[in-house]
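Below is one structure, written out as structure tokens, with a few remarks after it.
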Amino acid sequence: MLSEYQMMADISNRPMTGRQGLDDTAWHPSNGLLGQLSSDCHEAVLARVTRVPIARRQALLERNVRLRFAYFIESGAASLFAKAGADRTQVEIRTLGAGDFVGIPLVLGGAISPHRCTVQVAGDALRINADDLVTLIEALPELRKLLLTYVHSALIHSSQLVACNTRHTLRERLARWLLVASDRLQSNDIALTHDVLGRAIAVRRAGVTTEMGRMEQAGLIRRHRGRISIINRPGLENASCSCYRVLRVSAKAWQHSPISSGSPNVGRIACEVTSEPITRLETLERTTLQP
């Protein structure tokens, strides 16, 4: 196994293939995950990545197929699906966007996933060869700790969605999904169809269309062809279940937690469906995110 110092020396003595074709002014990765690394570790990772476009319906991760690449998403949105039933029905277990990472099995010592990750909104990502990522994880403790902290947050997200889809109404789940997607896209305009939304929250398209019509009449959203705009975010948050607050706190906690910390803030977040009042969750958010 290479030491951290050997890895840094190796990186400095070979061409920066990940930057090839990009000048210094063009190379500003916006993935918040990588932004938490120290400058040396950050440079070591960037030397191994290539910026690539990700297209709608593209599979970044295919179930039961050995991973060739991992991705640090820069823009766009994707869904991680689990297969449910013999009819090949897919249920979303995570919503991903800017700042997220695709390739968790590699962090945990595996190379194959039972899940499928599909791009829902086109964007860009930093792609890294699976073997290169494993080499970096073994050589750089800082990167390994960061990705394990991210895995913890991902587990919270997935478990909360499972509980949410079991306990909450269609309106609550739909509002929660739109809010999470808006956060991941960093925009109030979401370029998704009702069919995609139905698959994301495991309901029929007709049910999504009916509920979206009610939400539009209530002045929460506006529907366009192939796109949904959030026009009353506070109202949509009130329509959502409390799961959105839990997911938001979880995401912000690891994003604001120093990698050198012995106990990441994300560890404070409970993974169960909560019936706590919104004021209690807002207090939790302020407490978790304070320095």
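By convention in this document, the chains of the structure tokens carry letters A, B, ... by their order, each chain's residues are numbered from 1, and ligands are numbered from 1 in the order they are shown.
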request  = Would you please give, as a list in words, all residues of segment 145-257 of chain A that DSSP assigns to strand (DSSP E or B) based on the backbone?
outcome  =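 Here are the strand (DSSP E or B) residues of segment 145-257 of chain A: Asp189, Ile190, Ile221, Arg222, Arg223, His224, Arg227, Ile228, Ser229 and Ile230 of chain A.
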For the residues in that selection, give me N, CA and C atoms as an mmCIF file, in the first residue's frame.
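Writing the result to part.cif gives the following:
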```cif
data_model
loop_
_atom_site.group_PDB
_atom_site.id
_atom_site.type_symbol
_atom_site.label_atom_id
_atom_site.label_comp_id
_atom_site.auth_asym_id
_atom_site.auth_seq_id
_atom_site.Cartn_x
_atom_site.Cartn_y
_atom_site.Cartn_z
ATOM 1 N N ASP A 189 -36.549 25.700 -10.247
ATOM 2 C CA ASP A 189 -37.071 25.102 -11.476
ATOM 3 C C ASP A 189 -36.546 23.677 -11.593
ATOM 4 N N ILE A 190 -37.467 22.712 -11.689
ATOM 5 C CA ILE A 190 -37.111 21.298 -11.703
ATOM 6 C C ILE A 190 -37.583 20.695 -13.020
ATOM 7 N N ILE A 221 -46.888 25.635 -6.512
ATOM 8 C CA ILE A 221 -46.029 25.329 -7.658
ATOM 9 C C ILE A 221 -46.700 25.832 -8.937
ATOM 10 N N ARG A 222 -45.943 25.797 -10.030
ATOM 11 C CA ARG A 222 -46.501 26.070 -11.353
ATOM 12 C C ARG A 222 -45.954 25.011 -12.307
ATOM 13 N N ARG A 223 -46.840 24.389 -13.045
ATOM 14 C CA ARG A 223 -46.432 23.333 -13.963
ATOM 15 C C ARG A 223 -46.216 23.883 -15.368
ATOM 16 N N HIS A 224 -45.155 23.399 -16.002
ATOM 17 C CA HIS A 224 -44.860 23.713 -17.396
ATOM 18 C C HIS A 224 -44.640 22.389 -18.115
ATOM 19 N N ARG A 227 -41.445 20.536 -16.903
ATOM 20 C CA ARG A 227 -40.757 21.314 -15.871
ATOM 21 C C ARG A 227 -41.759 21.733 -14.798
ATOM 22 N N ILE A 228 -41.281 21.839 -13.565
ATOM 23 C CA ILE A 228 -42.083 22.275 -12.426
ATOM 24 C C ILE A 228 -41.347 23.397 -11.726
ATOM 25 N N SER A 229 -42.046 24.487 -11.419
ATOM 26 C CA SER A 229 -41.441 25.622 -10.719
ATOM 27 C C SER A 229 -42.059 25.750 -9.329
ATOM 28 N N ILE A 230 -41.205 25.878 -8.332
ATOM 29 C CA ILE A 230 -41.668 26.148 -6.970
ATOM 30 C C ILE A 230 -41.844 27.657 -6.840
#
```
task = Based on DSSP run over this structure's backbone, return all residues of segment 59-117 of chain A in alpha helix (DSSP H), as a list in words.
result =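 For segment 59-117 of chain A, the alpha helix (DSSP H) set is Ile104, Pro105, Leu106 and Val107 of chain A.
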With only C-alpha atoms counted and 12 Å as the cut-off, give the residues of segment 45-109 of chain A in contact with segment 203-220 of chain A, each with its shortest interatomic distance in Å and the pair that gives it, as CSV.
```
residue,atom,partner,partner_atom,distance
A:Thr89,CA,A:Val203,CA,10.6
A:Gln90,CA,A:Val203,CA,10.6
A:Val91,CA,A:Val203,CA,9.4
A:Glu92,CA,A:Val203,CA,11.1
```
Taking C-alpha atoms for each residue, export the selection above as a short mmCIF file (atom, residue, chain, number, x, y, z; two decimals), in the first residue's frame.
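Final output, selection27.cif:
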```
data_model
loop_
_atom_site.label_atom_id
_atom_site.label_comp_id
_atom_site.auth_asym_id
_atom_site.auth_seq_id
_atom_site.Cartn_x
_atom_site.Cartn_y
_atom_site.Cartn_z
CA THR A 89 -40.66 -1.89 -10.17
CA GLN A 90 -38.06 0.63 -9.02
CA VAL A 91 -38.32 2.69 -5.84
CA GLU A 92 -36.11 5.69 -5.21
#
```
Select from segment 150-250 of chain A every residue with an atom at most 9 Å from any atom of segment 116-139 of chain A, then for each give the shortest pair of atoms and their distance in Å to one decimal, using only C-alpha atoms, rows by chain and rising number, as JSON lines.
```
{"residue": "A:Leu185", "atom": "CA", "partner": "A:Val121", "partner_atom": "CA", "distance": 8.5}
{"residue": "A:Ile190", "atom": "CA", "partner": "A:Val121", "partner_atom": "CA", "distance": 8.2}
{"residue": "A:Ala191", "atom": "CA", "partner": "A:Val121", "partner_atom": "CA", "distance": 6.5}
{"residue": "A:Leu192", "atom": "CA", "partner": "A:Gln120", "partner_atom": "CA", "distance": 7.2}
{"residue": "A:Val196", "atom": "CA", "partner": "A:Gln120", "partner_atom": "CA", "distance": 7.9}
```
task = Determine, counting only C-alpha atoms, which protein, DNA and RNA residues have an atom within 10 Å of an atom of segment 107-114 of chain A; residues of the same chain fewer than 4 positions away are not included. Present the result as a list in words.
result = Leu61, Glu62, Arg63, Asn64, Val65, Arg66, Leu67, Arg68, Phe81, Ala82, Lys83, Gly103, Ala130, Asp131, Leu133, Val134, Ile137, Glu138, Leu143, Arg144, Lys145, Leu147, Leu148, Tyr150 and Val151 of chain A
Restricted to N, CA, C and O atoms, what would the selected residues look like written as a tab-separated table (two decimals), in the first residue's frame?
```tsv
chain	number	residue	atom	x	y	z
A	61	LEU	N	-24.61	4.13	-12.32
A	61	LEU	CA	-24.36	2.91	-11.54
A	61	LEU	C	-25.41	1.89	-11.97
A	61	LEU	O	-26.60	2.20	-11.98
A	62	GLU	N	-24.97	0.71	-12.36
A	62	GLU	CA	-25.88	-0.33	-12.79
A	62	GLU	C	-25.88	-1.47	-11.78
A	62	GLU	O	-24.82	-1.88	-11.29
A	63	ARG	N	-27.06	-1.96	-11.43
A	63	ARG	CA	-27.14	-3.02	-10.42
A	63	ARG	C	-26.43	-4.30	-10.88
A	63	ARG	O	-26.52	-4.69	-12.04
A	64	ASN	N	-25.71	-4.89	-9.93
A	64	ASN	CA	-25.04	-6.17	-10.14
A	64	ASN	C	-24.00	-6.15	-11.26
A	64	ASN	O	-23.69	-7.20	-11.84
A	65	VAL	N	-23.47	-4.98	-11.55
A	65	VAL	CA	-22.40	-4.85	-12.55
A	65	VAL	C	-21.21	-4.18	-11.87
A	65	VAL	O	-21.38	-3.19	-11.15
A	66	ARG	N	-20.03	-4.71	-12.09
A	66	ARG	CA	-18.84	-4.17	-11.45
A	66	ARG	C	-18.64	-2.69	-11.82
A	66	ARG	O	-18.72	-2.32	-12.99
A	67	LEU	N	-18.37	-1.87	-10.82
A	67	LEU	CA	-18.18	-0.43	-11.05
A	67	LEU	C	-16.87	-0.17	-11.79
A	67	LEU	O	-15.81	-0.67	-11.38
A	68	ARG	N	-16.94	0.60	-12.85
A	68	ARG	CA	-15.74	1.03	-13.57
A	68	ARG	C	-15.34	2.43	-13.15
A	68	ARG	O	-14.16	2.79	-13.20
A	81	PHE	N	-32.05	3.92	-7.29
A	81	PHE	CA	-33.24	3.09	-7.23
A	81	PHE	C	-32.92	1.71	-6.70
A	81	PHE	O	-31.88	1.12	-7.02
A	82	ALA	N	-33.84	1.17	-5.92
A	82	ALA	CA	-33.80	-0.22	-5.50
A	82	ALA	C	-34.91	-0.96	-6.24
A	82	ALA	O	-36.00	-0.43	-6.45
A	83	LYS	N	-34.63	-2.18	-6.64
A	83	LYS	CA	-35.63	-3.00	-7.31
A	83	LYS	C	-36.60	-3.54	-6.28
A	83	LYS	O	-36.20	-4.02	-5.23
A	103	GLY	N	-20.78	5.97	-5.95
A	103	GLY	CA	-19.71	4.99	-5.88
A	103	GLY	C	-19.46	4.49	-4.47
A	103	GLY	O	-18.36	4.04	-4.15
A	130	ALA	N	-12.49	3.60	-11.01
A	130	ALA	CA	-12.73	2.91	-9.73
A	130	ALA	C	-11.43	2.50	-9.06
A	130	ALA	O	-11.26	2.67	-7.84
A	131	ASP	N	-10.49	1.95	-9.82
A	131	ASP	CA	-9.22	1.51	-9.23
A	131	ASP	C	-8.43	2.70	-8.69
A	131	ASP	O	-7.78	2.60	-7.64
A	133	LEU	N	-9.69	5.48	-7.52
A	133	LEU	CA	-10.33	5.93	-6.28
A	133	LEU	C	-9.94	5.04	-5.11
A	133	LEU	O	-9.63	5.54	-4.02
A	134	VAL	N	-9.95	3.74	-5.32
A	134	VAL	CA	-9.57	2.81	-4.25
A	134	VAL	C	-8.13	3.07	-3.80
A	134	VAL	O	-7.82	3.08	-2.61
A	137	ILE	N	-8.12	6.23	-1.70
A	137	ILE	CA	-8.73	6.00	-0.39
A	137	ILE	C	-7.76	5.30	0.54
A	137	ILE	O	-7.65	5.62	1.73
A	138	GLU	N	-7.01	4.33	0.01
A	138	GLU	CA	-6.05	3.60	0.82
A	138	GLU	C	-4.86	4.48	1.23
A	138	GLU	O	-4.30	4.32	2.31
A	143	LEU	N	-9.17	11.64	2.81
A	143	LEU	CA	-10.20	11.33	1.82
A	143	LEU	C	-11.07	10.18	2.32
A	143	LEU	O	-12.30	10.23	2.18
A	144	ARG	N	-10.46	9.17	2.91
A	144	ARG	CA	-11.22	8.03	3.41
A	144	ARG	C	-12.21	8.47	4.48
A	144	ARG	O	-13.38	8.06	4.47
A	145	LYS	N	-11.78	9.32	5.40
A	145	LYS	CA	-12.66	9.78	6.47
A	145	LYS	C	-13.81	10.63	5.92
A	145	LYS	O	-14.96	10.50	6.34
A	147	LEU	N	-15.18	10.46	2.89
A	147	LEU	CA	-16.14	9.62	2.18
A	147	LEU	C	-16.95	8.74	3.13
A	147	LEU	O	-18.13	8.48	2.89
A	148	LEU	N	-16.34	8.29	4.23
A	148	LEU	CA	-17.09	7.52	5.21
A	148	LEU	C	-18.13	8.39	5.92
A	148	LEU	O	-19.24	7.93	6.24
A	150	TYR	N	-19.59	10.88	4.49
A	150	TYR	CA	-20.62	11.02	3.47
A	150	TYR	C	-21.52	9.78	3.44
A	150	TYR	O	-22.75	9.88	3.32
A	151	VAL	N	-20.93	8.59	3.56
A	151	VAL	CA	-21.70	7.35	3.59
A	151	VAL	C	-22.70	7.37	4.75
A	151	VAL	O	-23.86	6.95	4.61
```
Shell of 7 Å around Ser153 of chain A, only C-alpha atoms, local chain residues under 4 positions omitted, as a PyMOL selection string = chain A and resi 149+157+250-251+266
Got time to write the residues from that selection, N, CA, C and O atoms, as a PDB file, in the first residue's frame?
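What landed in selection_13.pdb:
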```pdb
ATOM      1  N   THR A 149     -17.787   9.646   6.172  1.00  0.00           N
ATOM      2  CA  THR A 149     -18.767  10.581   6.745  1.00  0.00           C
ATOM      3  C   THR A 149     -19.923  10.798   5.780  1.00  0.00           C
ATOM      4  O   THR A 149     -21.093  10.859   6.174  1.00  0.00           O
ATOM      5  N   HIS A 157     -30.227   9.419   4.790  1.00  0.00           N
ATOM      6  CA  HIS A 157     -31.137   9.811   3.712  1.00  0.00           C
ATOM      7  C   HIS A 157     -31.984   8.624   3.265  1.00  0.00           C
ATOM      8  O   HIS A 157     -33.212   8.713   3.178  1.00  0.00           O
ATOM      9  N   SER A 250     -29.353  16.757   7.937  1.00  0.00           N
ATOM     10  CA  SER A 250     -28.331  15.740   7.708  1.00  0.00           C
ATOM     11  C   SER A 250     -27.345  16.193   6.642  1.00  0.00           C
ATOM     12  O   SER A 250     -26.128  16.080   6.805  1.00  0.00           O
ATOM     13  N   ALA A 251     -27.858  16.725   5.533  1.00  0.00           N
ATOM     14  CA  ALA A 251     -26.988  17.171   4.445  1.00  0.00           C
ATOM     15  C   ALA A 251     -26.111  18.336   4.873  1.00  0.00           C
ATOM     16  O   ALA A 251     -24.908  18.366   4.604  1.00  0.00           O
ATOM     17  N   VAL A 266     -23.001  15.014  11.771  1.00  0.00           N
ATOM     18  CA  VAL A 266     -24.089  14.233  11.197  1.00  0.00           C
ATOM     19  C   VAL A 266     -24.506  13.110  12.125  1.00  0.00           C
ATOM     20  O   VAL A 266     -25.617  12.613  12.073  1.00  0.00           O
TER      21      VAL A 266
END
```
task = Using atom CA of Ala70 of chain A and atom CA of Leu106 of chain A as the two end points, give the distance in Å to one decimal.
result = 8.2 Å
query = Looking at only C-alpha atoms, which of A:Val249, A:Leu37, A:Leu140, A:Ala59 is the one that sits closest to Asp183 of chain A?
reply =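 Closest to Asp183 of chain A, using only C-alpha atoms: A:Val249.
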ask   = Nearest to His168 of chain A among A:Ser38, A:Ser187, A:Ser240, A:Gln58, with distances taken over only C-alpha atoms: which residue is it?
value =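 Nearest to His168 of chain A: A:Ser240.
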